[in-house]
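Structure data (CSV, C-alpha atoms and all ligand atoms) from protein-v1.csv:
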chain,number,residue,atom,x,y,z
A,18,MET,CA,-9.9,-16.0,36.5
A,19,ASN,CA,-13.4,-17.5,36.7
A,20,PHE,CA,-16.1,-15.5,34.9
A,21,THR,CA,-19.7,-15.7,33.8
A,22,LYS,CA,-21.0,-14.5,30.5
A,23,VAL,CA,-24.4,-12.8,30.8
A,24,HIS,CA,-26.4,-10.7,28.4
A,25,GLY,CA,-29.3,-8.3,28.5
A,26,LEU,CA,-31.0,-8.3,25.0
A,27,GLY,CA,-27.6,-9.1,23.4
A,28,ASN,CA,-25.7,-6.4,25.3
A,29,ASP,CA,-23.2,-8.9,26.6
A,30,PHE,CA,-20.9,-8.8,29.6
A,31,VAL,CA,-18.1,-10.7,31.2
A,32,VAL,CA,-19.0,-10.7,34.9
A,33,VAL,CA,-16.3,-11.5,37.5
A,34,ASN,CA,-17.2,-12.2,41.1
A,35,ALA,CA,-14.5,-10.2,42.9
A,36,PHE,CA,-15.5,-11.8,46.3
A,37,GLN,CA,-13.8,-14.9,44.9
A,38,GLU,CA,-11.4,-13.9,42.2
A,39,ALA,CA,-8.1,-12.0,42.5
A,40,LEU,CA,-8.0,-9.2,40.0
A,41,PRO,CA,-5.0,-7.7,38.3
A,42,ALA,CA,-4.1,-4.0,39.1
A,43,ASP,CA,-4.7,-2.7,35.5
A,44,LEU,CA,-8.5,-3.2,35.2
A,45,ALA,CA,-8.6,-1.1,32.0
A,46,ALA,CA,-6.2,-3.4,30.3
A,47,LEU,CA,-8.1,-6.4,31.6
A,48,ALA,CA,-11.3,-5.0,30.1
A,49,ARG,CA,-9.7,-4.4,26.7
A,50,ALA,CA,-8.4,-8.0,26.7
A,51,VAL,CA,-11.4,-9.9,27.8
A,52,CYS,CA,-13.9,-7.8,25.6
A,53,ASP,CA,-11.9,-8.5,22.4
A,54,ARG,CA,-14.1,-10.6,20.2
A,55,HIS,CA,-11.1,-12.3,18.5
A,56,PHE,CA,-8.3,-12.5,21.0
A,57,GLY,CA,-10.4,-12.5,24.2
A,58,ILE,CA,-13.8,-13.8,25.5
A,59,GLY,CA,-15.8,-11.1,23.6
A,60,ALA,CA,-18.1,-8.7,25.3
A,61,ASP,CA,-19.5,-5.1,25.4
A,62,GLY,CA,-18.1,-4.7,28.9
A,63,LEU,CA,-16.3,-6.1,31.9
A,64,VAL,CA,-18.5,-6.1,35.0
A,65,LEU,CA,-17.1,-6.5,38.6
A,66,LEU,CA,-19.3,-7.8,41.4
A,67,LEU,CA,-17.8,-6.3,44.6
A,68,PRO,CA,-18.7,-5.9,48.3
A,69,ALA,CA,-20.6,-2.8,49.2
A,70,GLU,CA,-18.7,0.1,50.8
A,71,ASN,CA,-21.7,1.2,52.9
A,72,PRO,CA,-23.3,-1.5,55.0
A,73,GLU,CA,-26.8,-0.2,54.1
A,74,ASN,CA,-26.3,-1.6,50.6
A,75,HIS,CA,-25.9,-5.1,49.4
A,76,LEU,CA,-23.2,-4.9,46.7
A,77,ARG,CA,-21.1,-2.7,44.5
A,78,MET,CA,-20.9,-2.8,40.7
A,79,ARG,CA,-18.0,-1.5,38.5
A,80,ILE,CA,-18.1,-1.7,34.7
A,81,PHE,CA,-15.5,-1.1,32.0
A,82,ASN,CA,-16.2,-0.4,28.4
A,83,PRO,CA,-14.3,-2.4,25.7
A,84,ASP,CA,-11.9,0.5,25.2
A,85,GLY,CA,-11.0,0.4,28.9
A,86,SER,CA,-12.9,3.5,30.0
A,87,GLU,CA,-15.1,3.2,33.2
A,88,PRO,CA,-18.6,4.5,32.7
A,89,GLU,CA,-20.7,5.7,35.7
A,90,MET,CA,-23.6,3.2,35.0
A,91,CYS,CA,-24.9,0.6,32.7
A,92,GLY,CA,-28.6,-0.4,32.6
A,93,ASN,CA,-28.3,-3.8,31.0
A,94,ALA,CA,-25.3,-4.7,33.1
A,95,ILE,CA,-27.1,-4.0,36.3
A,96,ARG,CA,-29.9,-6.4,35.4
A,97,CYS,CA,-27.2,-9.0,34.5
A,98,PHE,CA,-25.4,-8.2,37.8
A,99,ALA,CA,-28.7,-8.6,39.8
A,100,ARG,CA,-29.5,-11.9,38.2
A,101,LEU,CA,-26.1,-13.4,38.9
A,102,ALA,CA,-26.1,-12.1,42.5
A,103,TRP,CA,-29.5,-13.8,43.0
A,104,GLU,CA,-28.6,-17.1,41.2
A,105,ASP,CA,-25.3,-17.3,43.0
A,106,GLY,CA,-27.0,-16.8,46.4
A,107,LEU,CA,-25.0,-13.6,47.2
A,108,VAL,CA,-28.2,-11.9,48.2
A,109,LYS,CA,-31.4,-13.2,49.9
A,110,ASP,CA,-33.6,-10.1,49.2
A,111,THR,CA,-35.2,-9.8,45.8
A,112,VAL,CA,-34.8,-6.0,46.0
A,113,ILE,CA,-31.0,-5.3,45.8
A,114,ARG,CA,-29.3,-2.0,46.7
A,115,VAL,CA,-26.2,-1.7,44.4
A,116,GLU,CA,-23.6,1.0,44.6
A,117,THR,CA,-22.4,2.4,41.3
A,118,LEU,CA,-20.4,5.5,40.3
A,119,ALA,CA,-23.8,7.1,39.5
A,120,GLY,CA,-25.2,6.4,43.0
A,121,VAL,CA,-27.2,3.6,44.5
A,122,MET,CA,-29.4,1.7,41.9
A,123,VAL,CA,-32.1,-0.7,43.1
A,124,PRO,CA,-32.8,-3.7,40.9
A,125,GLU,CA,-35.7,-6.0,41.8
A,126,VAL,CA,-35.6,-9.7,40.8
A,127,ILE,CA,-39.1,-10.6,39.5
A,128,LEU,CA,-39.9,-14.3,40.2
A,129,GLY,CA,-42.6,-16.4,38.6
A,130,GLU,CA,-44.8,-18.9,40.4
A,131,ASN,CA,-42.2,-21.6,40.0
A,132,GLY,CA,-39.5,-19.5,41.6
A,133,GLN,CA,-37.8,-18.9,38.3
A,134,VAL,CA,-36.5,-15.4,37.4
A,135,ARG,CA,-38.9,-13.8,35.0
A,136,GLY,CA,-37.0,-10.5,34.6
A,137,ILE,CA,-35.5,-7.6,36.5
A,138,ARG,CA,-37.1,-4.2,37.2
A,139,VAL,CA,-34.6,-1.5,38.1
A,140,ASP,CA,-35.2,1.8,39.9
A,141,MET,CA,-32.7,3.8,37.8
A,142,GLY,CA,-33.2,7.0,39.9
A,143,GLU,CA,-33.8,10.5,38.6
A,144,PRO,CA,-32.7,11.7,35.2
A,145,ILE,CA,-30.3,14.6,35.1
A,146,LEU,CA,-31.3,17.3,32.7
A,147,GLU,CA,-29.1,20.3,33.6
A,148,ARG,CA,-26.7,20.8,30.7
A,149,ASN,CA,-23.6,21.4,32.8
A,150,LEU,CA,-24.2,18.2,34.8
A,151,ILE,CA,-24.6,16.0,31.7
A,152,PRO,CA,-22.0,17.3,31.0
A,153,MET,CA,-22.4,19.4,27.8
A,154,GLN,CA,-20.8,22.7,26.9
A,155,GLY,CA,-23.0,25.8,26.7
A,156,PRO,CA,-25.2,28.0,28.8
A,157,ALA,CA,-27.1,26.7,31.9
A,158,GLY,CA,-30.5,25.1,31.4
A,159,THR,CA,-31.9,22.0,29.7
A,160,VAL,CA,-31.0,20.7,26.2
A,161,VAL,CA,-34.3,19.8,24.5
A,162,ASN,CA,-34.5,19.5,20.7
A,163,GLU,CA,-31.4,21.8,20.4
A,164,PRO,CA,-29.7,22.2,17.0
A,165,LEU,CA,-26.2,20.6,16.9
A,166,GLN,CA,-24.0,20.4,13.8
A,167,VAL,CA,-22.3,17.0,13.7
A,168,GLY,CA,-19.9,16.9,10.7
A,169,GLU,CA,-22.2,17.4,7.7
A,170,TYR,CA,-25.3,16.4,9.7
A,171,ALA,CA,-27.6,19.1,11.1
A,172,LEU,CA,-29.1,17.3,14.1
A,173,HIS,CA,-31.6,18.3,16.8
A,174,ILE,CA,-30.6,16.6,20.1
A,175,THR,CA,-32.0,16.2,23.6
A,176,ALA,CA,-29.4,15.6,26.2
A,177,VAL,CA,-30.1,13.4,29.3
A,178,SER,CA,-27.9,11.9,31.9
A,179,MET,CA,-28.9,8.7,33.6
A,180,GLY,CA,-25.6,8.9,35.6
A,181,ASN,CA,-23.9,8.5,32.2
A,182,PRO,CA,-24.4,11.0,29.3
A,183,HIS,CA,-26.8,10.5,26.4
A,184,ALA,CA,-27.7,12.6,23.3
A,185,VAL,CA,-31.0,11.5,21.8
A,186,THR,CA,-31.9,12.3,18.2
A,187,PHE,CA,-35.4,11.7,16.8
A,188,VAL,CA,-35.5,10.8,13.1
A,189,GLU,CA,-38.4,10.1,10.7
A,190,ASP,CA,-37.2,6.8,9.4
A,191,LEU,CA,-34.3,4.9,11.0
A,192,SER,CA,-33.9,2.5,8.1
A,193,HIS,CA,-32.8,5.5,6.0
A,194,PHE,CA,-30.7,7.3,8.6
A,195,PRO,CA,-26.9,6.7,8.6
A,196,TRP,CA,-26.7,6.3,12.4
A,197,GLN,CA,-23.6,4.2,12.2
A,198,THR,CA,-21.8,7.1,10.5
A,199,VAL,CA,-23.2,9.9,12.7
A,200,GLY,CA,-22.8,7.9,16.0
A,201,PRO,CA,-19.0,8.0,16.3
A,202,LEU,CA,-19.0,11.7,15.2
A,203,LEU,CA,-21.5,12.5,18.0
A,204,GLU,CA,-19.7,10.3,20.6
A,205,SER,CA,-16.6,12.5,20.2
A,206,HIS,CA,-18.2,15.9,19.5
A,207,PRO,CA,-16.4,18.7,21.4
A,208,ALA,CA,-19.7,19.8,23.0
A,209,PHE,CA,-19.4,16.7,25.3
A,210,PRO,CA,-16.2,16.9,27.4
A,211,ARG,CA,-16.7,13.3,28.7
A,212,LYS,CA,-17.9,12.1,25.3
A,213,VAL,CA,-21.5,10.8,24.9
A,214,ASN,CA,-23.7,7.8,24.1
A,215,ALA,CA,-25.7,8.5,21.0
A,216,GLU,CA,-29.3,7.2,20.6
A,217,PHE,CA,-31.2,7.5,17.3
A,218,VAL,CA,-35.0,7.0,17.7
A,219,GLN,CA,-38.0,6.6,15.5
A,220,VAL,CA,-41.3,7.1,17.3
A,221,VAL,CA,-43.9,4.5,16.3
A,222,ASN,CA,-46.8,5.8,18.4
A,223,ARG,CA,-47.2,7.3,21.9
A,224,GLN,CA,-46.4,4.0,23.6
A,225,GLU,CA,-43.6,2.6,21.3
A,226,MET,CA,-40.3,3.7,19.9
A,227,ILE,CA,-37.5,2.0,17.9
A,228,MET,CA,-34.0,2.9,19.1
A,229,ARG,CA,-30.5,2.2,17.8
A,230,VAL,CA,-27.4,3.1,19.8
A,231,TRP,CA,-23.8,4.0,19.3
A,232,GLU,CA,-22.3,3.6,22.7
A,233,ARG,CA,-19.4,5.6,24.2
A,234,GLY,CA,-16.3,3.4,24.4
A,235,ALA,CA,-18.1,0.4,22.8
A,236,GLY,CA,-19.6,1.4,19.4
A,237,PRO,CA,-22.8,-0.1,18.1
A,238,THR,CA,-24.5,-2.5,20.5
A,239,LEU,CA,-27.7,-4.5,20.4
A,240,ALA,CA,-29.2,-2.7,23.4
A,241,CYS,CA,-28.5,0.0,25.9
A,242,GLY,CA,-30.5,0.2,29.1
A,243,THR,CA,-29.5,3.7,30.2
A,244,GLY,CA,-30.0,4.8,26.6
A,245,ALA,CA,-33.5,3.4,26.6
A,246,CYS,CA,-34.2,5.3,29.8
A,247,ALA,CA,-32.7,8.5,28.4
A,248,THR,CA,-34.8,8.0,25.2
A,249,LEU,CA,-38.1,7.8,27.1
A,250,VAL,CA,-37.2,10.9,29.1
A,251,ALA,CA,-36.3,12.8,25.9
A,252,ALA,CA,-39.5,11.6,24.2
A,253,VAL,CA,-41.6,13.0,27.1
A,254,LEU,CA,-39.7,16.3,27.1
A,255,ASN,CA,-40.5,16.6,23.4
A,256,ASP,CA,-44.2,15.5,24.0
A,257,LEU,CA,-43.7,12.5,21.6
A,258,THR,CA,-44.8,9.7,24.0
A,259,GLU,CA,-46.6,9.0,27.2
A,260,ARG,CA,-44.4,8.5,30.4
A,261,LYS,CA,-44.5,4.7,29.9
A,262,ALA,CA,-43.4,3.1,26.6
A,263,THR,CA,-41.9,0.0,25.0
A,264,ILE,CA,-38.5,0.6,23.4
A,265,HIS,CA,-37.7,-1.8,20.5
A,266,LEU,CA,-33.9,-2.4,20.4
A,267,ALA,CA,-32.0,-4.5,17.9
A,268,GLY,CA,-31.7,-7.2,20.6
A,269,GLY,CA,-35.3,-7.0,21.9
A,270,ASP,CA,-37.7,-4.9,24.0
A,271,LEU,CA,-37.4,-2.9,27.2
A,272,GLU,CA,-40.3,-1.4,29.2
A,273,ILE,CA,-39.5,2.1,30.5
A,274,GLU,CA,-41.5,4.3,32.8
A,275,TRP,CA,-40.7,7.8,34.1
A,276,ASP,CA,-42.8,8.0,37.3
A,277,ALA,CA,-44.3,11.4,37.7
A,278,SER,CA,-44.7,11.2,41.5
A,279,THR,CA,-41.1,10.2,42.3
A,280,ASN,CA,-39.4,11.5,39.2
A,281,HIS,CA,-37.6,8.1,39.1
A,282,VAL,CA,-37.1,6.1,35.9
A,283,PHE,CA,-37.9,2.4,36.0
A,284,MET,CA,-36.6,-0.1,33.5
A,285,THR,CA,-37.9,-3.7,33.1
A,286,GLY,CA,-36.2,-6.4,31.0
A,287,PRO,CA,-34.5,-9.7,30.9
A,288,ALA,CA,-31.0,-10.9,31.9
A,289,THR,CA,-29.7,-14.2,30.6
A,290,ILE,CA,-26.8,-16.3,31.9
A,291,VAL,CA,-25.0,-17.8,28.9
A,292,PHE,CA,-22.0,-19.8,30.2
A,293,THR,CA,-19.2,-19.8,32.8
A,294,GLY,CA,-15.5,-20.2,32.0
A,295,LYS,CA,-12.0,-19.7,33.1
A,296,TYR,CA,-9.9,-16.9,31.5
A,297,GLN,CA,-6.1,-17.0,31.3
A,298,VAL,CA,-4.9,-13.6,32.7
A,299,ARG,CA,-1.7,-12.5,31.0
B,301,LIG,N1,-24.8,-0.6,27.6
B,301,LIG,C1,-25.0,0.2,28.7
B,301,LIG,C2,-24.2,1.4,28.8
B,301,LIG,C3,-22.7,1.1,29.0
B,301,LIG,C4,-21.9,2.3,29.3
B,301,LIG,C5,-21.8,3.3,28.1
B,301,LIG,N2,-21.1,2.7,27.0
B,301,LIG,C6,-21.1,4.5,28.6
B,301,LIG,O1,-19.9,4.7,28.4
B,301,LIG,O2,-21.7,5.4,29.3
B,301,LIG,C7,-26.4,0.2,29.2
B,301,LIG,O3,-27.1,-0.8,29.0
B,301,LIG,O4,-26.8,1.2,29.8

I need this file expressed as structure tokens, please.
Ligand SMILES: N[C@@H](CCC[C@H](N)C(=O)O)C(=O)O
Amino acid sequence: MNFTKVHGLGNDFVVVNAFQEALPADLAALARAVCDRHFGIGADGLVLLLPAENPENHLRMRIFNPDGSEPEMCGNAIRCFARLAWEDGLVKDTVIRVETLAGVMVPEVILGENGQVRGIRVDMGEPILERNLIPMQGPAGTVVNEPLQVGEYALHITAVSMGNPHAVTFVEDLSHFPWQTVGPLLESHPAFPRKVNAEFVQVVNRQEMIMRVWERGAGPTLACGTGACATLVAAVLNDLTERKATIHLAGGDLEIEWDASTNHVFMTGPATIVFTGKYQVR
């Protein structure tokens, strides 16, 4: 099976062009195998580039976590997907309509004067704030700075869905917060029936935050695009930042904006093609 390894700020993916490659029936097992960093290629996810189901759209993306689960959306993966679709000539438009389990997302390939790709800006759609739609257990309404006991840790979380679920915790000092211990406890907390991605965030000023993430089905990763979007939305809901801010992740920076007029969240960042290869499917 031919594949391309692509990353967005170190959040790395094995991307398979399903227009050309025959895929095995058990995609969850394929994801677990290719993502394995010792016995496989090594990645934070398996991404499939597929034909669109609706002719109004260009393409369809599916993504699988390293544990084989299929999330609704992935922000870094969709930038990687758009870059590959552009470079491989699968699309002629720089604005690409991509079907995902979270609805249609619209990445735009940003070109420099020399025609080289400078980055990808993605219209990530509207955040979902209603508790039951995130989904999170409890009474109807939003979840903003709400107390949640996670093991021995008394957190205050803000819950946001960007198609996939996120719980954002603001802390004073990330370097002294045991986020790698709290992350897996929060991921599997009974309040979240479909589990949750956990972001831990230090506000630097009203335009900058530092974020670390424990991803559902993947563990700690160097960056999370949907997590960065959820973080900006959570920061605005808590009046901690402006509607546009830079999020510093372990793998680099993302620019996130929550547009007041459309209610859409926009994410801008890089996508880097690393290598192509051939994987032996067993
Ligand atoms: N890294 C991604 C999110 C991938 C999916 C996530 N682990 C989930 O299960 O929801 C991103 O960049 O958004």

| Between A:Val199, A:Ile137, A:Val221, A:Cys246, which has the minimum distance to Gly180 in chain A (counting only C-alpha atoms)? |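 Residue with the minimum atom-to-atom distance to Gly180 in chain A: A:Cys246.
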
| task | For Thr248 in chain A, work out the shell of residues within 9 Å, counting all atoms listed in the file and skipping chain neighbours fewer than 3 positions away, then give it as a PyMOL selection string. | result | chain A and resi 175+177+183-186+216-218+226+228+243-245+251-253+264

| Contacts of range 158-163 of chain A within 6 Å, all atoms listed in the file, excl. fewer than 4 positions in-chain, as a list in words | Leu146, Glu147, Arg148, His173, Ile174, Thr175 and Ala176 of chain A

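Across the model, the gap from CA of Glu225 in chain A to CA of Val112 in chain A is 27.6 Å.
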
| Atomic distance CA of Glu73 in chain A - CA of Pro152 in chain A, expressed in Å with one decimal |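 About the pair CA of Glu73 in chain A and CA of Pro152 in chain A: they are 29.4 Å apart.
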
Listed atoms of ligand LIG 301 (chain B) boxed axis-aligned with 4 Å per side, centre + edges as AutoDock Vina command-line options:
--center_x -23.5 --center_y 2.3 --center_z 28.4 --size_x 15.2 --size_y 14.2 --size_z 10.8

| request: Would you kindly return, as a VMD selection string, each protein, DNA or RNA residue with an atom no farther than 8 Å from any atom of range 101-110 of chain A, considering only C-alpha atoms and excluding same-chain residues fewer than 4 positions away? | output: chain A and resid 75 97 126 290

Mind running range 87-200 of chain A against range 49-66 of chain A at 9 Å and telling me each contacting residue's nearest atom pair with the distance in Å (one decimal), counting only C-alpha atoms, chain and number ascending, as a tab-separated table?
residue	atom	partner	partner_atom	distance
A:Ala94	CA	A:Val64	CA	7.2
A:Ile95	CA	A:Val64	CA	8.9
A:Phe98	CA	A:Leu66	CA	7.1
A:Ala102	CA	A:Leu66	CA	8.1

Contact check, chain A to ligand LIG 301 (chain B), at most 10 Å, counting only C-alpha atoms and all ligand atoms, closest pairs as CSV:
residue,atom,partner,partner_atom,distance
A:His24,CA,B:LIG301,O3,9.9
A:Gly25,CA,B:LIG301,O3,7.8
A:Leu26,CA,B:LIG301,O3,9.4
A:Gly27,CA,B:LIG301,N1,9.9
A:Asn28,CA,B:LIG301,N1,6.3
A:Asp29,CA,B:LIG301,N1,8.5
A:Phe30,CA,B:LIG301,N1,9.3
A:Asp61,CA,B:LIG301,N1,7.3
A:Gly62,CA,B:LIG301,C3,7.4
A:Ile80,CA,B:LIG301,C4,7.7
A:Phe81,CA,B:LIG301,C4,7.7
A:Asn82,CA,B:LIG301,N2,6.0
A:Pro83,CA,B:LIG301,N2,8.6
A:Asp84,CA,B:LIG301,O1,9.6
A:Gly85,CA,B:LIG301,O1,9.9
A:Ser86,CA,B:LIG301,O1,7.3
A:Glu87,CA,B:LIG301,O1,7.0
A:Pro88,CA,B:LIG301,O1,4.5
A:Glu89,CA,B:LIG301,O2,6.5
A:Met90,CA,B:LIG301,C4,6.0
A:Cys91,CA,B:LIG301,O4,3.5
A:Gly92,CA,B:LIG301,O4,3.7
A:Asn93,CA,B:LIG301,O3,3.8
A:Ala94,CA,B:LIG301,O3,5.9
A:Ile95,CA,B:LIG301,O3,8.0
A:Arg96,CA,B:LIG301,O3,9.0
A:Cys97,CA,B:LIG301,O3,9.9
A:Ser178,CA,B:LIG301,O2,9.4
A:Met179,CA,B:LIG301,O4,8.7
A:Gly180,CA,B:LIG301,O2,8.2
A:Asn181,CA,B:LIG301,O2,4.8
A:Pro182,CA,B:LIG301,O2,6.2
A:His183,CA,B:LIG301,O2,7.8
A:Glu204,CA,B:LIG301,O1,9.6
A:Arg211,CA,B:LIG301,O1,9.2
A:Lys212,CA,B:LIG301,O1,8.3
A:Val213,CA,B:LIG301,O2,7.0
A:Asn214,CA,B:LIG301,O2,6.1
A:Ala215,CA,B:LIG301,N2,9.5
A:Val230,CA,B:LIG301,N1,9.0
A:Trp231,CA,B:LIG301,N2,8.3
A:Glu232,CA,B:LIG301,N2,4.6
A:Arg233,CA,B:LIG301,O1,4.3
A:Gly234,CA,B:LIG301,N2,5.5
A:Ala235,CA,B:LIG301,N2,5.7
A:Gly236,CA,B:LIG301,N2,7.9
A:Pro237,CA,B:LIG301,N2,9.5
A:Thr238,CA,B:LIG301,N1,7.4
A:Leu239,CA,B:LIG301,N1,8.7
A:Ala240,CA,B:LIG301,O3,6.3
A:Cys241,CA,B:LIG301,O3,3.5
A:Gly242,CA,B:LIG301,O3,3.5
A:Thr243,CA,B:LIG301,O4,3.7
A:Gly244,CA,B:LIG301,O4,5.8
A:Ala245,CA,B:LIG301,O4,7.7
A:Cys246,CA,B:LIG301,O4,8.5
A:Ala247,CA,B:LIG301,O4,9.5

| Pick from A:Ile273, A:Leu44, A:Ile151, A:Met78: nearest to Gly120 in chain A, with all atoms listed in the file counted? | A:Met78

| field | CA of Glu189 in chain A to CA of Ala267 in chain A, distance in Å rounded to a single decimal | value |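 If I compute the distance from CA of Glu189 in chain A to CA of Ala267 in chain A, I get 17.5 Å.
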
| request: Would you mind telling me which residue in A:Leu249, A:Leu257, A:Met122, A:Val167 lies nearest to Glu272 in chain A when using all atoms listed in the file? | output: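 Between A:Leu249, A:Leu257, A:Met122, A:Val167, the residue approaching Glu272 in chain A most closely is A:Leu249.
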
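Within 12 Å of the point (-18.0, -6.4, 50.9) in file coordinates, and counting all atoms listed in the file, lie the residues A:Asn34, A:Ala35, A:Phe36, A:Gln37, A:Leu66, A:Leu67, A:Pro68, A:Ala69, A:Glu70, A:Asn71, A:Pro72, A:Glu73, A:Asn74, A:His75, A:Leu76, A:Arg77, A:Met78, A:Leu107, A:Val108, A:Val115, A:Glu116.
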
| task | Can you work out which one of A:Leu150, A:Leu191, A:Leu47, A:Val139 has the shortest atom-to-atom distance to Gly286 in chain A, counting all atoms listed in the file? | result |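 Among the listed residues, A:Val139 lies closest to Gly286 in chain A.
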
| request: Would you please work out which residue, of A:Ile145, A:Ala48, A:Arg79, A:Val298, is nearest to Thr117 in chain A when using only C-alpha atoms? | output: A:Arg79

| query | Closest to Thr111 in chain A among A:Asp256, A:Glu125, A:Glu274, A:Asp190, using all atoms listed in the file? | reply |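 Result for the nearest residue to Thr111 in chain A: A:Glu125.
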
| task | Would you mind listing what lies within 10 Å of Tyr170 in chain A as a ChimeraX atom specification, with all atoms listed in the file counted and same-chain residues fewer than 5 positions away left out? | result | /A:165,195,198-199,202-203
